[in-house]
Amino acid sequence: MDAAFAQTVLEHSPDALLLLAPDGSISFVNNAAEQLFGYSRAQLLGADYSLLLAESSREDFHTVLAGLAGSAGKPAGAARPPFAGAGRHGDATEFPLEITLAALPPVPGSSGNNGTGAGAVGTVALSIRRALAAPRRPAAYDGGTAAAAAAAPRRRTFNSLEAELVPGTTGVLPRLTAAEHDDQLKAAVLRDALTGLPNGTLFNERLAAALRRPDPVDVLLLNVDDFKSYNDMLGRSAADELLVEVASRLRNCVRPHDTVARLGGDEFVVLLTECLDAGAVAKRISESLYAPARIGGSSVRPGVSMGLAARTPQTHDGAELLRQADSAMTAAKAAGKNTWLQFRPEMLNTAAHKDQGEAGLRQAVELGQISVHYQPVVSPGLGAVVQFEAFARWERHGKLVPPNQFLPVAEQSGLIREIGDEVMRRACAEIRPWLAGDSTYSVSVNVSGLQFQHRDFATDVLAIVASTGVDPRQLVLELTESVFFDADSDVMRQLRQLRDAGVRIAMDDFGTGYSTLGRLKELPLYKVKIDRSFVAMIKTGKEHLPFFRTMIKAAQDLGLKVTAEGIETPEQAKYLMDLGCDSLQGYLFAKPAPASELAGTMESALTAIDKVEAAG
């Protein structure tokens, strides 16, 4: 056949025809493809094939395309069963389509796969038609067995009403089952309401999926520089407009199959997969975002600080990549902002990282992102939970930051007072329904000695108790020994003021500091807590540790209650129960959990104490 005539046949075929190069870029399109997808030929040639697929179909099609590399049993050029999925038009609407694809034989004189190497797929021909039915998830290319097809779960697109639940979706189906309706509601929850981008939860899912594949994975974490100033100068509405503009520019800087997500506030993250030059993408983002934008009637240049982290053979999980990107972003801010830096191991220990930890914590406090978890304290004598201890928790990038990392930062930065007040307020409000069940129940809150440096601390505590409707006698403040013995007269005055109002005071980490049993009677205490380091000495329960008996008996002789913390084994619990310890606390009974899980936490604690008593 004449080559010119063959070209004419291809150009005027009623089906959309494309050729994909080995790197996934489009190397040929015909007229029907331009009409079907709404892009010009100039826009399509050289673009990645994922531009033409809805987000829900990209990973499935990528799997099918990769499967061509292992189809040695089929003759060269053979077509496979059609791929059913969703296409994406140039106007962002989605539509059902079917794609018939075939790996072309190598060009004579070239290597076996068009130069791509063993096991890779070379040039691929696609024939695409608009489908009449909703797309279904394809079965794996195992020869097209009926069993594989039956096992494949069905995918659906959404009608215009249902599309309101999930940003960026359109479709053709008139009705959903209850299960599918629940799936779409879940999908809506995985999107950021302001920008329509994936949120942190969806981003983490995609990052985890990307790390399960052998392809290169890069993460770009970025903050808008001086965003608070924009908020203060232009107002909340304009600041939101700026975030939407940043989101739009970010999407335009990456390929369709890459992920741009908003983690919260002015923090965005980009997931790059199979990217050969992530640094070039970072540079493109930096230049794009720094271009002037008209926001709230003013022209602004939204500079960003970015950190880039790449998956290495030593990368354990997505959380590690995010920590590395966060460290690099911190270093970028310290380097003068409006720039990006690639992660280096030494960044984890820089002072800049510590500064960013403070900035992130300050933002978390301002946005109300400090939460409270509760751990039960059980009374063996009563066989009941008699107290919950409240612990501050900070979730960052979808992971909990250990308290021993952020609480020292809070003390050094002066944020400890705001965090302490917030934890106390939440604890009183969230535990109040349980406290109302018995006047002997209580909630305990840890207090830093720095909080007592404020002369009105006691007054603030009593105001919180009054505003939440909690009986002051049901609030316990836990302080370390150093607070008592390094205290000035004003600290002791405030402690006595709180005690006189009914608030009870406990000495935490008893036995690790300066206290003597003789001095305990001079302090406004109601309880001491035996430090976990002593409890850890109990291994088998057969040890001879006379100081436990001495501490417990002496404290009780002074009218003080005794709690042992850090109980992790039944042997430790039984040992201390036999010595008459008033209450026990530790992972054996339950780990700290949100207020919504109090019922399960109490059940776990009571089950554990029953087992200890039954074993004895």
# chains A, B, ... in the order shown; residues from 1 in each chain; ligands from 1
call {"tool": "residues_around", "arguments": {"residues": "segment 460-462 of chain A", "least_positions_apart": "3", "cutoff": "9 Å", "atoms": "only C-alpha atoms", "output": "PyMOL selection string"}}
result
chain A and resi 421+424-425+456-457+465-467+472+498+501+503
call {"tool": "residues_around", "arguments": {"residues": "segment 31-44 of chain A", "least_positions_apart": "2", "cutoff": "8 Å", "atoms": "only C-alpha atoms", "output": "MDAnalysis selection string"}}
result
chainID A and resid 11:18 26 29 46:47 52 87:91 128 130
call {"tool": "write_last_selection", "arguments": {"atoms": "all heavy atoms", "output": "compact mmCIF listing (two decimals), in the first residue's frame"}}
result
# COMPACT_ATOMS: atom_id res chain seq x y z
N GLU A 11 -5.64 9.12 9.03
CA GLU A 11 -6.12 10.45 9.38
C GLU A 11 -7.64 10.51 9.38
O GLU A 11 -8.25 11.18 10.21
CB GLU A 11 -5.58 11.49 8.40
CG GLU A 11 -4.14 11.89 8.65
CD GLU A 11 -3.98 12.71 9.92
OE1 GLU A 11 -5.00 13.14 10.50
OE2 GLU A 11 -2.83 12.91 10.34
N HIS A 12 -8.29 9.78 8.48
CA HIS A 12 -9.73 9.89 8.31
C HIS A 12 -10.49 8.70 8.88
O HIS A 12 -11.69 8.53 8.60
CB HIS A 12 -10.07 10.09 6.83
CG HIS A 12 -9.53 11.37 6.28
ND1 HIS A 12 -10.13 12.59 6.51
CD2 HIS A 12 -8.41 11.63 5.55
CE1 HIS A 12 -9.42 13.55 5.92
NE2 HIS A 12 -8.38 13.00 5.32
N SER A 13 -9.82 7.91 9.69
CA SER A 13 -10.49 6.80 10.36
C SER A 13 -11.57 7.35 11.28
O SER A 13 -11.39 8.38 11.93
CB SER A 13 -9.48 5.99 11.18
OG SER A 13 -10.15 5.09 12.04
N PRO A 14 -12.74 6.67 11.36
CA PRO A 14 -13.80 7.15 12.25
C PRO A 14 -13.44 6.97 13.73
O PRO A 14 -14.04 7.60 14.60
CB PRO A 14 -15.01 6.29 11.88
CG PRO A 14 -14.41 5.05 11.27
CD PRO A 14 -13.16 5.50 10.57
N ASP A 15 -12.47 6.09 14.01
CA ASP A 15 -12.03 5.90 15.39
C ASP A 15 -10.84 6.81 15.70
O ASP A 15 -10.03 7.12 14.81
CB ASP A 15 -11.59 4.45 15.63
CG ASP A 15 -12.78 3.49 15.63
OD1 ASP A 15 -13.92 3.97 15.76
OD2 ASP A 15 -12.55 2.27 15.49
N ALA A 16 -10.76 7.22 16.95
CA ALA A 16 -9.60 8.00 17.39
C ALA A 16 -8.39 7.07 17.45
O ALA A 16 -8.44 6.01 18.11
CB ALA A 16 -9.85 8.62 18.75
N LEU A 17 -7.32 7.43 16.76
CA LEU A 17 -6.11 6.61 16.72
C LEU A 17 -4.94 7.39 17.29
O LEU A 17 -4.76 8.58 16.98
CB LEU A 17 -5.79 6.19 15.28
CG LEU A 17 -6.88 5.41 14.53
CD1 LEU A 17 -6.42 5.11 13.11
CD2 LEU A 17 -7.21 4.11 15.26
N LEU A 18 -4.15 6.71 18.12
CA LEU A 18 -2.97 7.32 18.70
C LEU A 18 -1.83 6.32 18.70
O LEU A 18 -2.05 5.10 18.74
CB LEU A 18 -3.20 7.78 20.15
CG LEU A 18 -4.17 8.90 20.44
CD1 LEU A 18 -5.57 8.35 20.65
CD2 LEU A 18 -3.73 9.69 21.68
N ILE A 26 2.69 10.91 23.50
CA ILE A 26 1.88 10.70 22.30
C ILE A 26 2.70 11.11 21.08
O ILE A 26 3.16 12.25 20.98
CB ILE A 26 0.58 11.50 22.37
CG1 ILE A 26 -0.23 11.08 23.61
CG2 ILE A 26 -0.24 11.34 21.10
CD1 ILE A 26 -1.42 11.98 23.89
N VAL A 29 -1.46 11.34 16.39
CA VAL A 29 -2.91 11.43 16.62
C VAL A 29 -3.57 11.70 15.26
O VAL A 29 -2.97 12.28 14.37
CB VAL A 29 -3.30 12.56 17.59
CG1 VAL A 29 -2.75 12.29 18.98
CG2 VAL A 29 -2.81 13.91 17.10
N GLY A 46 3.58 14.83 21.93
CA GLY A 46 4.60 15.01 22.96
C GLY A 46 4.06 14.99 24.38
O GLY A 46 4.83 14.90 25.34
N ALA A 47 2.73 15.11 24.54
CA ALA A 47 2.13 15.10 25.88
C ALA A 47 2.05 13.67 26.41
O ALA A 47 2.06 12.70 25.64
CB ALA A 47 0.73 15.72 25.83
N LEU A 52 -5.29 12.29 28.71
CA LEU A 52 -6.57 11.94 28.09
C LEU A 52 -7.42 11.01 28.94
O LEU A 52 -8.52 10.63 28.53
CB LEU A 52 -6.31 11.29 26.73
CG LEU A 52 -5.47 12.12 25.75
CD1 LEU A 52 -5.28 11.37 24.44
CD2 LEU A 52 -6.09 13.49 25.52
N GLY A 87 -12.52 8.69 30.00
CA GLY A 87 -11.64 9.65 29.37
C GLY A 87 -11.87 11.04 29.93
O GLY A 87 -12.85 11.30 30.62
N ARG A 88 -10.94 11.93 29.64
CA ARG A 88 -11.04 13.31 30.13
C ARG A 88 -10.91 14.26 28.94
O ARG A 88 -9.91 14.27 28.24
CB ARG A 88 -9.94 13.60 31.16
CG ARG A 88 -10.12 14.92 31.90
CD ARG A 88 -9.07 15.04 33.01
NE ARG A 88 -9.34 16.17 33.88
CZ ARG A 88 -8.92 17.42 33.66
NH1 ARG A 88 -8.22 17.67 32.58
NH2 ARG A 88 -9.20 18.38 34.51
N HIS A 89 -11.96 15.05 28.73
CA HIS A 89 -12.01 16.01 27.63
C HIS A 89 -11.20 17.25 27.99
O HIS A 89 -10.91 17.50 29.16
CB HIS A 89 -13.47 16.38 27.34
CG HIS A 89 -13.68 17.09 26.05
ND1 HIS A 89 -13.63 18.46 25.94
CD2 HIS A 89 -13.95 16.62 24.78
CE1 HIS A 89 -13.86 18.81 24.69
NE2 HIS A 89 -14.06 17.71 23.96
N GLY A 90 -10.87 18.02 26.98
CA GLY A 90 -10.12 19.25 27.22
C GLY A 90 -10.85 20.25 28.09
O GLY A 90 -10.23 21.12 28.71
N ASP A 91 -12.20 20.15 28.17
CA ASP A 91 -12.96 21.06 29.03
C ASP A 91 -13.13 20.50 30.44
O ASP A 91 -13.93 21.01 31.24
CB ASP A 91 -14.34 21.35 28.42
CG ASP A 91 -15.20 20.10 28.29
OD1 ASP A 91 -14.77 19.02 28.74
OD2 ASP A 91 -16.30 20.20 27.73
N ILE A 128 -9.54 4.21 19.97
CA ILE A 128 -10.39 4.65 21.07
C ILE A 128 -11.78 5.01 20.55
O ILE A 128 -11.92 5.72 19.55
CB ILE A 128 -9.78 5.87 21.79
CG1 ILE A 128 -8.34 5.55 22.21
CG2 ILE A 128 -10.62 6.29 22.99
CD1 ILE A 128 -7.61 6.75 22.79
N ARG A 130 -15.83 6.23 22.04
CA ARG A 130 -16.70 6.61 23.15
C ARG A 130 -17.64 5.44 23.45
O ARG A 130 -18.28 4.90 22.54
CB ARG A 130 -17.52 7.85 22.81
CG ARG A 130 -18.41 8.35 23.96
CD ARG A 130 -19.25 9.52 23.50
NE ARG A 130 -18.45 10.71 23.29
CZ ARG A 130 -18.21 11.62 24.24
NH1 ARG A 130 -18.69 11.44 25.45
NH2 ARG A 130 -17.50 12.69 23.97
call {"tool": "select_by_dssp", "arguments": {"residues": "segment 315-496 of chain A", "states": "strand (DSSP E or B)", "output": "tab-separated table (two decimals) with N, CA and C atoms, in the first residue's frame"}}
result
chain	number	residue	atom	x	y	z
A	340	TRP	N	13.83	26.54	46.71
A	340	TRP	CA	13.62	25.14	47.02
A	340	TRP	C	14.97	24.49	47.25
A	341	LEU	N	14.97	23.45	48.08
A	341	LEU	CA	16.19	22.72	48.38
A	341	LEU	C	15.92	21.23	48.37
A	342	GLN	N	16.88	20.48	47.90
A	342	GLN	CA	16.82	19.01	47.94
A	342	GLN	C	17.25	18.55	49.33
A	370	ILE	N	-4.28	21.20	68.17
A	370	ILE	CA	-3.81	20.41	69.31
A	370	ILE	C	-5.02	19.66	69.87
A	371	SER	N	-4.93	18.34	69.89
A	371	SER	CA	-6.03	17.53	70.40
A	371	SER	C	-5.64	16.90	71.73
A	372	VAL	N	-6.58	16.16	72.32
A	372	VAL	CA	-6.36	15.54	73.64
A	372	VAL	C	-6.73	14.06	73.57
A	373	HIS	N	-5.84	13.22	74.09
A	373	HIS	CA	-6.10	11.79	74.25
A	373	HIS	C	-6.13	11.47	75.74
A	374	TYR	N	-6.81	10.38	76.08
A	374	TYR	CA	-7.05	10.05	77.49
A	374	TYR	C	-6.63	8.61	77.79
A	375	GLN	N	-5.96	8.44	78.96
A	375	GLN	CA	-5.57	7.12	79.41
A	375	GLN	C	-6.22	6.84	80.76
A	376	PRO	N	-6.83	5.66	80.93
A	376	PRO	CA	-7.53	5.37	82.18
A	376	PRO	C	-6.58	5.04	83.33
A	377	VAL	N	-7.01	5.37	84.54
A	377	VAL	CA	-6.34	4.98	85.78
A	377	VAL	C	-7.33	4.07	86.51
A	378	VAL	N	-6.90	2.85	86.85
A	378	VAL	CA	-7.82	1.89	87.44
A	378	VAL	C	-7.54	1.70	88.93
A	379	SER	N	-8.59	1.43	89.67
A	379	SER	CA	-8.48	1.10	91.09
A	379	SER	C	-8.70	-0.40	91.24
A	384	ALA	N	-12.55	-0.71	89.07
A	384	ALA	CA	-13.19	0.30	88.22
A	384	ALA	C	-12.17	1.33	87.74
A	385	VAL	N	-12.51	2.02	86.65
A	385	VAL	CA	-11.74	3.18	86.20
A	385	VAL	C	-12.17	4.37	87.05
A	386	VAL	N	-11.23	5.02	87.70
A	386	VAL	CA	-11.57	6.11	88.61
A	386	VAL	C	-11.05	7.46	88.11
A	387	GLN	N	-10.21	7.43	87.07
A	387	GLN	CA	-9.64	8.70	86.58
A	387	GLN	C	-9.18	8.52	85.14
A	388	PHE	N	-9.15	9.61	84.40
A	388	PHE	CA	-8.52	9.66	83.09
A	388	PHE	C	-7.45	10.75	83.11
A	389	GLU	N	-6.27	10.41	82.60
A	389	GLU	CA	-5.23	11.43	82.46
A	389	GLU	C	-5.26	11.96	81.03
A	390	ALA	N	-5.21	13.29	80.89
A	390	ALA	CA	-5.26	13.93	79.58
A	390	ALA	C	-3.85	14.19	79.05
A	391	PHE	N	-3.65	13.87	77.77
A	391	PHE	CA	-2.36	14.09	77.13
A	391	PHE	C	-2.54	14.93	75.87
A	392	ALA	N	-1.67	15.92	75.69
A	392	ALA	CA	-1.70	16.74	74.48
A	392	ALA	C	-1.20	15.93	73.31
A	393	ARG	N	-1.84	16.09	72.16
A	393	ARG	CA	-1.43	15.41	70.94
A	393	ARG	C	-1.40	16.41	69.79
A	394	TRP	N	-0.38	16.28	68.93
A	394	TRP	CA	-0.25	17.14	67.75
A	394	TRP	C	-0.09	16.26	66.53
A	395	GLU	N	-1.05	16.35	65.61
A	395	GLU	CA	-0.99	15.60	64.37
A	395	GLU	C	-0.45	16.49	63.27
A	396	ARG	N	0.64	16.05	62.64
A	396	ARG	CA	1.25	16.83	61.57
A	396	ARG	C	1.51	15.92	60.38
A	399	LYS	N	0.48	12.35	60.76
A	399	LYS	CA	1.14	11.52	61.76
A	399	LYS	C	1.20	12.26	63.09
A	400	LEU	N	1.12	11.50	64.21
A	400	LEU	CA	1.24	12.11	65.53
A	400	LEU	C	2.70	12.40	65.84
A	401	VAL	N	2.97	13.64	66.24
A	401	VAL	CA	4.31	14.03	66.66
A	401	VAL	C	4.48	13.59	68.12
A	442	SER	N	-12.40	11.59	88.42
A	442	SER	CA	-11.61	12.81	88.20
A	442	SER	C	-10.88	12.74	86.87
A	443	VAL	N	-10.40	13.88	86.41
A	443	VAL	CA	-9.57	13.99	85.23
A	443	VAL	C	-8.29	14.71	85.63
A	444	SER	N	-7.15	14.20	85.19
A	444	SER	CA	-5.87	14.81	85.55
A	444	SER	C	-5.22	15.43	84.33
A	445	VAL	N	-4.55	16.55	84.56
A	445	VAL	CA	-3.89	17.29	83.49
A	445	VAL	C	-2.47	17.62	83.94
A	446	ASN	N	-1.50	17.38	83.07
A	446	ASN	CA	-0.11	17.72	83.38
A	446	ASN	C	0.11	19.21	83.25
A	475	LEU	N	-10.91	17.85	89.33
A	475	LEU	CA	-9.75	18.20	88.51
A	475	LEU	C	-8.47	17.95	89.31
A	476	VAL	N	-7.54	17.23	88.71
A	476	VAL	CA	-6.25	16.96	89.33
A	476	VAL	C	-5.15	17.56	88.44
A	477	LEU	N	-4.27	18.33	89.04
A	477	LEU	CA	-3.13	18.89	88.32
A	477	LEU	C	-1.88	18.10	88.70
A	478	GLU	N	-1.18	17.58	87.68
A	478	GLU	CA	0.03	16.80	87.94
A	478	GLU	C	1.27	17.64	87.65
A	479	LEU	N	2.17	17.72	88.64
A	479	LEU	CA	3.39	18.50	88.53
A	479	LEU	C	4.57	17.63	88.90
A	480	THR	N	5.73	17.87	88.27
A	480	THR	CA	6.93	17.12	88.64
A	480	THR	C	7.49	17.65	89.95
call {"tool": "atom_distance", "arguments": {"atom1": "atom CA of Asp266 of chain A", "atom2": "atom CA of Gly196 of chain A"}}
result
14.3 Å
call {"tool": "select_by_dssp", "arguments": {"residues": "segment 318-348 of chain A", "states": "helix (DSSP H, G or I)", "output": "PyMOL selection string"}}
result
chain A and resi 318-334+345-348
call {"tool": "residues_around", "arguments": {"residues": "Gln412 of chain A", "least_positions_apart": "6", "cutoff": "10 Å", "atoms": "only C-alpha atoms", "output": "list in words"}}
result
Glu358, Phe406 and Leu450 of chain A
call {"tool": "residues_around", "arguments": {"residues": "segment 214-220 of chain A", "least_positions_apart": "6", "cutoff": "7 Å", "atoms": "only C-alpha atoms", "output": "list in words"}}
result
Val269, Val270, Leu271, Leu272, Thr273, Glu274, Cys275, Ala278, Met306, Gly307, Leu308, Ala309, Ala310, Arg311, Leu321 and Ala325 of chain A
call {"tool": "write_last_selection", "arguments": {"atoms": "C-alpha atoms", "output": "PDB file, in the first residue's frame"}}
result
ATOM      1  CA  VAL A 269       2.385  18.809  48.694  1.00  0.00           C
ATOM      2  CA  VAL A 270       3.150  17.372  45.268  1.00  0.00           C
ATOM      3  CA  LEU A 271       3.683  13.684  44.492  1.00  0.00           C
ATOM      4  CA  LEU A 272       5.763  13.008  41.380  1.00  0.00           C
ATOM      5  CA  THR A 273       5.956   9.478  40.003  1.00  0.00           C
ATOM      6  CA  GLU A 274       8.239   8.273  37.218  1.00  0.00           C
ATOM      7  CA  CYS A 275       9.747  11.751  37.025  1.00  0.00           C
ATOM      8  CA  ALA A 278      12.106  16.499  39.886  1.00  0.00           C
ATOM      9  CA  MET A 306       9.836  24.088  49.027  1.00  0.00           C
ATOM     10  CA  GLY A 307      11.567  20.948  50.163  1.00  0.00           C
ATOM     11  CA  LEU A 308      12.208  18.063  47.758  1.00  0.00           C
ATOM     12  CA  ALA A 309      12.762  14.478  48.900  1.00  0.00           C
ATOM     13  CA  ALA A 310      13.357  11.485  46.625  1.00  0.00           C
ATOM     14  CA  ARG A 311      12.736   7.808  47.332  1.00  0.00           C
ATOM     15  CA  LEU A 321       9.687  10.981  52.769  1.00  0.00           C
ATOM     16  CA  ALA A 325      10.732  17.046  52.550  1.00  0.00           C
TER      17      ALA A 325
END
call {"tool": "atom_distance", "arguments": {"atom1": "atom CA of Ser448 of chain A", "atom2": "atom CA of Leu415 of chain A"}}
result
11.3 Å
